[in-house]
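Single-structure report; data block below.
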Amino acid sequence: MIPRMSDTSEDEQRPSIRERRLTAMRTAPRVLARAGWRGTLRERLTELTAAAPEVYDLDEPADIYGDGVVAALERRVAELLGTEAAVFFPTGTMAQQVALRCWAARTGNTAVALHALSHPEVHERHAFSQVSGLRPVTVSQEPRPVTAADVHGLDEPVGALMLELPLRDAGFLLPSWEELTEAVEAAREREAVVHFDGARLWEATEHFGRPLAEIAALADSVYVSFYKSLGGLGGAALAGPASLVEEARTWRHRYGGMVFQQFPTALSALAGLERELPRLPEYVRHARVVAAALREGFAEAGLPWARVHPEVPHTHDFQVWLPYEPEVLAEAAVRQAEETGTLLFAGAWDSRGPGLSFTETGVRAAGLAWTAQDVREAAVDFAGRLARDDRPPGPVD
């Protein structure tokens, strides 16, 4: 039975926190990062139509099963990463399963050493073991990047070591260059291949102080994403030796990734490489300004136990931790946007214990307009809302 308006509670009629947050993300005049993927179909198509002629000849035939513009994208990725070849995949989940499956066949060992917080372990529903016959082996559970000591401490042989760069669920953390090279060398000493989960590798050059090709050269294979940092419609690539890439093409077909036409995704990826990739170092540098200003603003407001993690961001994304329940923080963030036009925290808040929550935040093009003073003032205003606002939040979902 469909309820009459009179039978529906006031809370049920109100938009949820999530709905209000997404509206604010799209419409607030001031945001640190405006996620293009939250746009309307019209906005996304308009953006692609404007960018595509700058990156590819639109009078060329459309791609069919990976030729044309898709092949051009693969060549561009291989060039940027300094590898012999690269192959396009519709998803990163598929790309990494295929890469590590191919390496397991070559090494004769299905064991893959990876961090307990790595993406396949946390977000892919055990795909390695359930779909690809791989056996994950935890190399570390500490909320920090894998070290050489971790690799040396493995108590069994592994065929591959997978390193997520940056380690998103630990706070978008990267090792130092010395720590990374030592971890790779430790894997080599154990006769294991090294695969980089580089979904966000594009934004690591500022931290390492080295070009993409030099970073990628440490690994036997590298996966990169086209939407997480570059704003593409989706898609991923696996880069490495030509023989591995050709084998991966076969497995891509077997996994159902041989899509008939993918020109919208490929064009958006090329546009991201052209437009966003050169700007990522600037985003990282400004994220450090924003992180410092947040700490200063929280301190000025007397907000207890406020943390920015890491204190100096390794990429243009980082975590903010506050001693409140997520519903309280979400309501304060959305109300700040609705009442002032400033959305300081656009992400969801997650609980990590009684009265303790965190959110992921970061800087994109829209955030470059914020000065340190802008951030401090917004942080003070946000903290004041937590202190004085005892109104109950709306429904979460």
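So you can find residues: chains in the structure tokens are A, B, ... in the order shown, residues in each start at 1, and ligands are numbered from 1 in order.
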
Shell of 12 Å around A:Val380, only C-alpha atoms, local chain residues under 4 positions omitted, as a list in words: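 Everything that qualifies: Ala293, Leu294, Arg295, Glu296, Gly297, Phe298, Ala299, Glu300, Ala301, Gly302, Leu303, Gln336, Leu344, Gln373, Asp374, Val375, Arg376, Gly384, Arg385, Leu386 and Ala387 of chain A.
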
Enumerate, in order of chain and increasing residue number, the residues of stretch 199-255 of chain A with an atom no farther than 10 Å from stretch 166-180 of chain A, each with its shortest atom pair and distance in Å to one decimal, counting only C-alpha atoms, as CSV.
residue,atom,partner,partner_atom,distance
A:Ala199,CA,A:Pro166,CA,8.3
A:Arg200,CA,A:Pro166,CA,6.5
A:Leu201,CA,A:Pro166,CA,6.9
A:Trp202,CA,A:Pro166,CA,9.9
A:Glu203,CA,A:Pro166,CA,8.8
A:Ala204,CA,A:Pro166,CA,7.3
A:His207,CA,A:Leu174,CA,7.7
A:Phe208,CA,A:Trp177,CA,5.8
A:Gly209,CA,A:Trp177,CA,8.6
A:Arg210,CA,A:Trp177,CA,9.0
A:Ile215,CA,A:Trp177,CA,8.9
A:Leu218,CA,A:Leu180,CA,8.7

Mind writing the picked residues with all heavy atoms as a CSV table (one decimal), in the first residue's frame?
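Full text of out-v9.csv as output:
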chain,number,residue,atom,x,y,z
A,199,ALA,N,46.5,2.5,-8.9
A,199,ALA,CA,45.3,3.2,-9.2
A,199,ALA,C,45.5,4.7,-9.2
A,199,ALA,O,45.0,5.5,-10.0
A,199,ALA,CB,44.1,2.8,-8.3
A,200,ARG,N,46.2,5.2,-8.2
A,200,ARG,CA,46.5,6.6,-8.0
A,200,ARG,C,47.9,6.9,-8.2
A,200,ARG,O,48.4,7.9,-7.6
A,200,ARG,CB,46.0,7.1,-6.6
A,200,ARG,CG,44.5,6.9,-6.4
A,200,ARG,CD,44.1,7.2,-5.0
A,200,ARG,NE,42.6,7.2,-4.8
A,200,ARG,CZ,41.9,6.1,-4.6
A,200,ARG,NH1,42.5,4.9,-4.5
A,200,ARG,NH2,40.6,6.2,-4.5
A,201,LEU,N,48.6,6.1,-8.9
A,201,LEU,CA,50.1,6.3,-9.1
A,201,LEU,C,50.4,7.7,-9.7
A,201,LEU,O,51.4,8.3,-9.5
A,201,LEU,CB,50.7,5.2,-9.9
A,201,LEU,CG,52.2,5.2,-10.0
A,201,LEU,CD1,52.8,4.8,-8.7
A,201,LEU,CD2,52.7,4.2,-11.1
A,202,TRP,N,49.4,8.1,-10.6
A,202,TRP,CA,49.6,9.4,-11.3
A,202,TRP,C,50.0,10.5,-10.3
A,202,TRP,O,50.7,11.5,-10.7
A,202,TRP,CB,48.4,9.8,-12.0
A,202,TRP,CG,47.8,8.8,-12.9
A,202,TRP,CD1,46.6,8.1,-12.8
A,202,TRP,CD2,48.3,8.2,-14.1
A,202,TRP,NE1,46.3,7.3,-13.8
A,202,TRP,CE2,47.4,7.3,-14.7
A,202,TRP,CE3,49.5,8.5,-14.8
A,202,TRP,CZ2,47.6,6.6,-15.8
A,202,TRP,CZ3,49.7,7.8,-16.0
A,202,TRP,CH2,48.8,6.8,-16.5
A,203,GLU,N,49.5,10.5,-9.1
A,203,GLU,CA,49.7,11.7,-8.2
A,203,GLU,C,50.9,11.5,-7.3
A,203,GLU,O,51.1,12.3,-6.3
A,203,GLU,CB,48.4,11.9,-7.4
A,203,GLU,CG,48.0,10.7,-6.5
A,203,GLU,CD,46.5,10.7,-6.2
A,203,GLU,OE1,45.7,10.6,-7.1
A,203,GLU,OE2,46.2,10.7,-5.0
A,204,ALA,N,51.7,10.4,-7.5
A,204,ALA,CA,52.8,10.1,-6.6
A,204,ALA,C,54.1,10.8,-6.9
A,204,ALA,O,55.1,10.7,-6.2
A,204,ALA,CB,53.0,8.6,-6.5
A,207,HIS,N,55.5,13.5,-4.3
A,207,HIS,CA,56.1,12.9,-3.1
A,207,HIS,C,57.4,12.2,-3.4
A,207,HIS,O,58.4,12.4,-2.6
A,207,HIS,CB,55.1,11.9,-2.6
A,207,HIS,CG,55.6,11.1,-1.4
A,207,HIS,ND1,55.6,11.6,-0.1
A,207,HIS,CD2,56.2,9.9,-1.3
A,207,HIS,CE1,56.1,10.7,0.8
A,207,HIS,NE2,56.5,9.6,0.1
A,208,PHE,N,57.6,11.5,-4.4
A,208,PHE,CA,58.8,10.8,-4.7
A,208,PHE,C,59.8,11.7,-5.3
A,208,PHE,O,61.1,11.4,-5.3
A,208,PHE,CB,58.5,9.6,-5.6
A,208,PHE,CG,57.8,8.4,-5.0
A,208,PHE,CD1,56.7,7.8,-5.6
A,208,PHE,CD2,58.3,7.9,-3.7
A,208,PHE,CE1,56.1,6.8,-5.0
A,208,PHE,CE2,57.6,6.8,-3.1
A,208,PHE,CZ,56.5,6.3,-3.8
A,209,GLY,N,59.4,12.7,-6.0
A,209,GLY,CA,60.4,13.6,-6.6
A,209,GLY,C,61.0,13.0,-7.9
A,209,GLY,O,62.1,13.3,-8.3
A,210,ARG,N,60.2,12.1,-8.5
A,210,ARG,CA,60.7,11.3,-9.7
A,210,ARG,C,59.6,11.2,-10.7
A,210,ARG,O,58.4,11.2,-10.3
A,210,ARG,CB,61.2,10.0,-9.2
A,210,ARG,CG,62.5,10.0,-8.5
A,210,ARG,CD,62.9,8.7,-7.9
A,210,ARG,NE,64.3,8.7,-7.4
A,210,ARG,CZ,64.8,9.3,-6.4
A,210,ARG,NH1,63.9,10.0,-5.6
A,210,ARG,NH2,66.0,9.3,-6.1
A,215,ILE,N,59.4,5.6,-11.5
A,215,ILE,CA,58.7,4.9,-10.4
A,215,ILE,C,58.2,3.6,-10.9
A,215,ILE,O,58.4,2.5,-10.3
A,215,ILE,CB,57.5,5.7,-10.0
A,215,ILE,CG1,57.9,7.1,-9.4
A,215,ILE,CG2,56.7,5.0,-8.9
A,215,ILE,CD1,56.8,8.1,-9.2
A,218,LEU,N,60.5,0.3,-11.2
A,218,LEU,CA,60.8,-0.6,-10.1
A,218,LEU,C,60.0,-1.9,-10.2
A,218,LEU,O,60.4,-2.9,-9.6
A,218,LEU,CB,60.5,0.1,-8.8
A,218,LEU,CG,61.4,1.3,-8.4
A,218,LEU,CD1,60.9,1.9,-7.1
A,218,LEU,CD2,62.8,0.9,-8.3

Spatial neighbours of A:Val193, 8 Å, only C-alpha atoms, chain gap at least 3 places, as number ranges by chain: A: 103, 159-161, 187-188, 219-220

All helix (DSSP H, G or I) residues (DSSP, backbone) inside stretch 8-178 of chain A, as number ranges by chain: A: 10-13, 17-27, 36-38, 41-55, 69-81, 92-107, 119-123, 127-132, 148-152, 168-170, 177-178

Distance criterion (only C-alpha atoms): nearest to A:Thr265 out of A:Phe88, A:Trp305, A:Phe196, A:Tyr223: A:Phe88

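The coordinates place atom CA of A:Asp197 at 23.2 Å from atom CA of A:Gly347.
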
Stretch 37-125 of chain A residues near stretch 231-249 of chain A within 8 Å, closest pair each, using only C-alpha atoms, as CSV:
residue,atom,partner,partner_atom,distance
A:Trp37,CA,A:Gly231,CA,7.3
A:Glu74,CA,A:Ala237,CA,7.3
A:Val77,CA,A:Ala239,CA,7.5
A:Ala78,CA,A:Ala239,CA,6.3
A:Leu81,CA,A:Ala239,CA,7.6
A:Thr83,CA,A:Gly240,CA,5.2
A:Glu84,CA,A:Pro241,CA,5.2
A:Ala85,CA,A:Ala242,CA,5.1
A:Ala86,CA,A:Ala239,CA,4.1
A:Val87,CA,A:Leu238,CA,5.4
A:Phe88,CA,A:Ala237,CA,4.4
A:Phe89,CA,A:Ala236,CA,5.1
A:Pro90,CA,A:Gly235,CA,4.4
A:Thr91,CA,A:Gly235,CA,5.1
A:Gly92,CA,A:Ala236,CA,5.4
A:Ala95,CA,A:Leu238,CA,6.1
A:Gln96,CA,A:Leu238,CA,7.7
A:Val98,CA,A:Ala248,CA,6.1
A:Ala99,CA,A:Ala248,CA,6.6
A:Cys102,CA,A:Ala248,CA,7.0

For the residues in the current selection, export N, CA and C atoms as a CSV table (one decimal), in the first residue's frame.
chain,number,residue,atom,x,y,z
A,37,TRP,N,32.3,13.1,-11.6
A,37,TRP,CA,31.4,11.9,-11.8
A,37,TRP,C,30.1,12.0,-11.1
A,74,GLU,N,46.4,3.0,-25.1
A,74,GLU,CA,47.4,2.0,-24.6
A,74,GLU,C,48.8,2.5,-24.9
A,77,VAL,N,49.8,5.3,-22.5
A,77,VAL,CA,50.1,4.9,-21.2
A,77,VAL,C,51.5,4.2,-21.1
A,78,ALA,N,51.8,3.4,-22.1
A,78,ALA,CA,53.1,2.7,-22.1
A,78,ALA,C,54.2,3.8,-22.2
A,81,LEU,N,54.5,5.5,-18.7
A,81,LEU,CA,55.1,4.7,-17.7
A,81,LEU,C,56.4,4.0,-18.1
A,83,THR,N,57.0,1.6,-20.2
A,83,THR,CA,57.0,0.1,-20.3
A,83,THR,C,56.9,-0.3,-21.8
A,84,GLU,N,57.1,-1.5,-22.1
A,84,GLU,CA,57.1,-2.0,-23.4
A,84,GLU,C,55.7,-1.9,-24.0
A,85,ALA,N,54.7,-2.1,-23.2
A,85,ALA,CA,53.3,-2.1,-23.7
A,85,ALA,C,52.3,-1.9,-22.6
A,86,ALA,N,51.1,-1.7,-23.0
A,86,ALA,CA,50.0,-1.6,-22.0
A,86,ALA,C,48.7,-2.1,-22.7
A,87,VAL,N,47.8,-2.5,-21.8
A,87,VAL,CA,46.5,-3.0,-22.3
A,87,VAL,C,45.3,-2.4,-21.5
A,88,PHE,N,44.3,-2.0,-22.2
A,88,PHE,CA,43.1,-1.4,-21.6
A,88,PHE,C,42.2,-2.4,-21.0
A,89,PHE,N,41.7,-2.1,-19.8
A,89,PHE,CA,40.7,-3.0,-19.1
A,89,PHE,C,39.5,-2.1,-18.7
A,90,PRO,N,38.3,-2.7,-18.7
A,90,PRO,CA,37.2,-1.9,-18.3
A,90,PRO,C,37.2,-1.6,-16.8
A,91,THR,N,37.8,-2.5,-16.0
A,91,THR,CA,37.9,-2.2,-14.5
A,91,THR,C,39.3,-2.6,-14.0
A,92,GLY,N,39.7,-1.9,-12.9
A,92,GLY,CA,40.9,-2.2,-12.2
A,92,GLY,C,40.9,-3.6,-11.6
A,95,ALA,N,41.8,-6.0,-14.2
A,95,ALA,CA,43.2,-5.8,-14.6
A,95,ALA,C,44.2,-6.5,-13.6
A,96,GLN,N,43.9,-6.3,-12.3
A,96,GLN,CA,44.9,-6.8,-11.3
A,96,GLN,C,44.8,-8.3,-11.2
A,98,VAL,N,44.0,-10.3,-13.6
A,98,VAL,CA,44.6,-10.9,-14.8
A,98,VAL,C,46.1,-10.8,-14.6
A,99,ALA,N,46.6,-9.7,-14.2
A,99,ALA,CA,48.1,-9.5,-14.0
A,99,ALA,C,48.7,-10.5,-13.1
A,102,CYS,N,48.5,-14.1,-14.4
A,102,CYS,CA,49.6,-14.4,-15.4
A,102,CYS,C,50.9,-14.6,-14.7

Residue nearest A:Arg20 - candidates A:Arg364, A:His126, A:Arg252, A:Arg335, atoms counted: only C-alpha atoms: A:Arg335

Nearby residues (only C-alpha atoms) at most 6 Å from A:Val139, same-chain spacing under 4 positions excluded, as a PyMOL selection string: chain A and resi 113-115+150

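With atom CA of A:Ala51 on one side and atom CA of A:Val363 on the other, the separation reads 21.7 Å.
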
Close residues, A:Gly66 itself excluded, 8 Å, only C-alpha atoms, min 5 positions apart in chain, as number ranges by chain: A: 71, 88, 258-262

Would you save the residues from that selection as a short mmCIF file (atom, residue, chain, number, x, y, z; two decimals), in the first residue's frame, using all heavy atoms?
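That gives us selection_11.cif:
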data_model
loop_
_atom_site.label_atom_id
_atom_site.label_comp_id
_atom_site.auth_asym_id
_atom_site.auth_seq_id
_atom_site.Cartn_x
_atom_site.Cartn_y
_atom_site.Cartn_z
N ALA A 71 43.54 1.62 -28.70
CA ALA A 71 44.95 1.29 -28.93
C ALA A 71 45.83 2.53 -28.76
O ALA A 71 46.95 2.45 -28.24
CB ALA A 71 45.13 0.71 -30.34
N PHE A 88 44.30 -1.98 -22.22
CA PHE A 88 43.14 -1.36 -21.58
C PHE A 88 42.24 -2.42 -20.97
O PHE A 88 42.03 -3.49 -21.54
CB PHE A 88 42.35 -0.57 -22.63
CG PHE A 88 41.12 0.10 -22.09
CD1 PHE A 88 41.19 1.36 -21.53
CD2 PHE A 88 39.89 -0.53 -22.15
CE1 PHE A 88 40.07 1.99 -21.02
CE2 PHE A 88 38.75 0.08 -21.64
CZ PHE A 88 38.84 1.34 -21.09
N MET A 258 36.38 -8.00 -23.10
CA MET A 258 36.56 -7.64 -24.51
C MET A 258 35.30 -6.94 -24.99
O MET A 258 34.43 -7.51 -25.64
CB MET A 258 36.83 -8.91 -25.34
CG MET A 258 37.34 -8.62 -26.73
SD MET A 258 38.99 -7.92 -26.68
CE MET A 258 39.44 -8.07 -28.42
N VAL A 259 35.20 -5.66 -24.65
CA VAL A 259 33.99 -4.88 -24.93
C VAL A 259 34.01 -4.39 -26.38
O VAL A 259 35.06 -3.96 -26.88
CB VAL A 259 33.87 -3.71 -23.95
CG1 VAL A 259 32.62 -2.89 -24.22
CG2 VAL A 259 33.86 -4.24 -22.52
N PHE A 260 32.86 -4.40 -27.03
CA PHE A 260 32.77 -4.08 -28.46
C PHE A 260 33.29 -2.68 -28.75
O PHE A 260 34.19 -2.50 -29.58
CB PHE A 260 31.32 -4.22 -28.93
CG PHE A 260 31.11 -3.92 -30.39
CD1 PHE A 260 31.89 -4.52 -31.37
CD2 PHE A 260 30.15 -3.01 -30.78
CE1 PHE A 260 31.70 -4.24 -32.71
CE2 PHE A 260 29.95 -2.71 -32.12
CZ PHE A 260 30.72 -3.33 -33.09
N GLN A 261 32.73 -1.65 -28.11
CA GLN A 261 33.21 -0.29 -28.32
C GLN A 261 33.35 0.42 -26.97
O GLN A 261 32.47 0.33 -26.12
CB GLN A 261 32.27 0.51 -29.22
CG GLN A 261 32.31 0.05 -30.69
CD GLN A 261 31.57 1.01 -31.61
OE1 GLN A 261 30.47 1.45 -31.30
NE2 GLN A 261 32.18 1.33 -32.75
N GLN A 262 34.47 1.14 -26.81
CA GLN A 262 34.75 1.82 -25.56
C GLN A 262 35.29 3.23 -25.79
O GLN A 262 35.99 3.78 -24.95
CB GLN A 262 35.75 1.00 -24.74
CG GLN A 262 35.22 -0.39 -24.39
CD GLN A 262 36.14 -1.16 -23.48
OE1 GLN A 262 35.97 -1.21 -22.28
NE2 GLN A 262 37.13 -1.78 -24.08
#

Given only C-alpha atoms as the counted atoms, nearest of A:Leu356, A:Leu73, A:Leu45, A:Leu212 to A:Glu327: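 Ranking A:Leu356, A:Leu73, A:Leu45, A:Leu212 by distance to A:Glu327, first place goes to A:Leu356.
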
Please give the complete set of residues from stretch 123-164 of chain A that DSSP, run on the backbone, assigns to strand (DSSP E or B), formatted as a tab-separated table (two decimals) with all heavy atoms, in the first residue's frame.
chain	number	residue	atom	x	y	z
A	135	ARG	N	46.07	-16.90	-3.90
A	135	ARG	CA	46.02	-17.05	-2.45
A	135	ARG	C	46.65	-15.83	-1.79
A	135	ARG	O	47.88	-15.70	-1.75
A	135	ARG	CB	46.75	-18.32	-2.02
A	135	ARG	CG	46.63	-18.63	-0.52
A	135	ARG	CD	47.05	-20.05	-0.23
A	135	ARG	NE	48.43	-20.31	-0.61
A	135	ARG	CZ	49.49	-20.04	0.15
A	135	ARG	NH1	49.30	-19.52	1.36
A	135	ARG	NH2	50.71	-20.31	-0.25
A	136	PRO	N	45.85	-14.91	-1.28
A	136	PRO	CA	46.41	-13.73	-0.62
A	136	PRO	C	47.16	-14.10	0.66
A	136	PRO	O	46.69	-14.91	1.45
A	136	PRO	CB	45.17	-12.88	-0.30
A	136	PRO	CG	44.09	-13.40	-1.20
A	136	PRO	CD	44.38	-14.86	-1.35
A	137	VAL	N	48.31	-13.49	0.84
A	137	VAL	CA	49.12	-13.67	2.04
A	137	VAL	C	49.38	-12.29	2.62
A	137	VAL	O	49.92	-11.41	1.93
A	137	VAL	CB	50.47	-14.37	1.73
A	137	VAL	CG1	51.35	-14.40	2.97
A	137	VAL	CG2	50.23	-15.76	1.18
A	138	THR	N	48.97	-12.07	3.85
A	138	THR	CA	49.13	-10.75	4.47
A	138	THR	C	50.59	-10.48	4.79
A	138	THR	O	51.23	-11.24	5.52
A	138	THR	CB	48.29	-10.65	5.75
A	138	THR	OG1	46.91	-10.84	5.43
A	138	THR	CG2	48.47	-9.28	6.40
A	139	VAL	N	51.11	-9.39	4.24
A	139	VAL	CA	52.51	-9.02	4.49
A	139	VAL	C	52.61	-8.03	5.63
A	139	VAL	O	53.64	-7.94	6.30
A	139	VAL	CB	53.18	-8.48	3.22
A	139	VAL	CG1	52.57	-7.16	2.79
A	139	VAL	CG2	54.68	-8.34	3.40
A	140	SER	N	51.52	-7.27	5.91
A	140	SER	CA	51.51	-6.33	7.03
A	140	SER	C	50.07	-5.96	7.34
A	140	SER	O	49.23	-5.88	6.44
A	140	SER	CB	52.30	-5.06	6.70
A	140	SER	OG	52.16	-4.10	7.74
A	160	ALA	N	54.35	-13.33	-5.91
A	160	ALA	CA	54.31	-11.90	-6.22
A	160	ALA	C	54.10	-11.09	-4.96
A	160	ALA	O	53.46	-11.53	-4.00
A	160	ALA	CB	53.20	-11.61	-7.23
A	161	LEU	N	54.64	-9.88	-4.98
A	161	LEU	CA	54.37	-8.88	-3.96
A	161	LEU	C	53.59	-7.75	-4.64
A	161	LEU	O	54.05	-7.18	-5.62
A	161	LEU	CB	55.67	-8.32	-3.38
A	161	LEU	CG	55.52	-7.08	-2.48
A	161	LEU	CD1	54.78	-7.44	-1.19
A	161	LEU	CD2	56.89	-6.47	-2.17
A	162	MET	N	52.40	-7.44	-4.12
A	162	MET	CA	51.60	-6.34	-4.64
A	162	MET	C	51.69	-5.17	-3.69
A	162	MET	O	51.37	-5.30	-2.50
A	162	MET	CB	50.14	-6.75	-4.81
A	162	MET	CG	49.34	-5.77	-5.66
A	162	MET	SD	47.55	-5.99	-5.54
A	162	MET	CE	47.24	-5.01	-4.06
A	163	LEU	N	52.10	-4.01	-4.20
A	163	LEU	CA	52.21	-2.80	-3.39
A	163	LEU	C	51.23	-1.76	-3.90
A	163	LEU	O	51.26	-1.38	-5.08
A	163	LEU	CB	53.64	-2.23	-3.47
A	163	LEU	CG	54.74	-3.13	-2.92
A	163	LEU	CD1	56.10	-2.50	-3.19
A	163	LEU	CD2	54.55	-3.39	-1.43
A	164	GLU	N	50.34	-1.29	-3.02
A	164	GLU	CA	49.37	-0.26	-3.39
A	164	GLU	C	49.99	1.11	-3.14
A	164	GLU	O	50.36	1.44	-2.02
A	164	GLU	CB	48.09	-0.41	-2.57
A	164	GLU	CG	47.01	0.59	-2.97
A	164	GLU	CD	45.71	0.39	-2.21
A	164	GLU	OE1	45.40	-0.77	-1.83
A	164	GLU	OE2	45.00	1.39	-1.98

Atomic separation - atom CA of A:Arg38 relative to atom CA of A:Ala333, Å: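 So the answer is 17.8 Å.
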
Polymer residues at most 10 Å from A:Phe128, only C-alpha atoms, same-chain spacing of 3 or more positions, as a list of chain:residue names: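 My list of contacting residues is A:Thr93, A:Met94, A:Gln96, A:Gln97, A:Val98, A:Leu100, A:Arg101, A:Thr110, A:Val112, A:Pro120, A:Glu121, A:Glu124, A:Arg125, A:Val131, A:Ser132, A:Gly133, A:Leu134, A:Arg135, A:Pro136.
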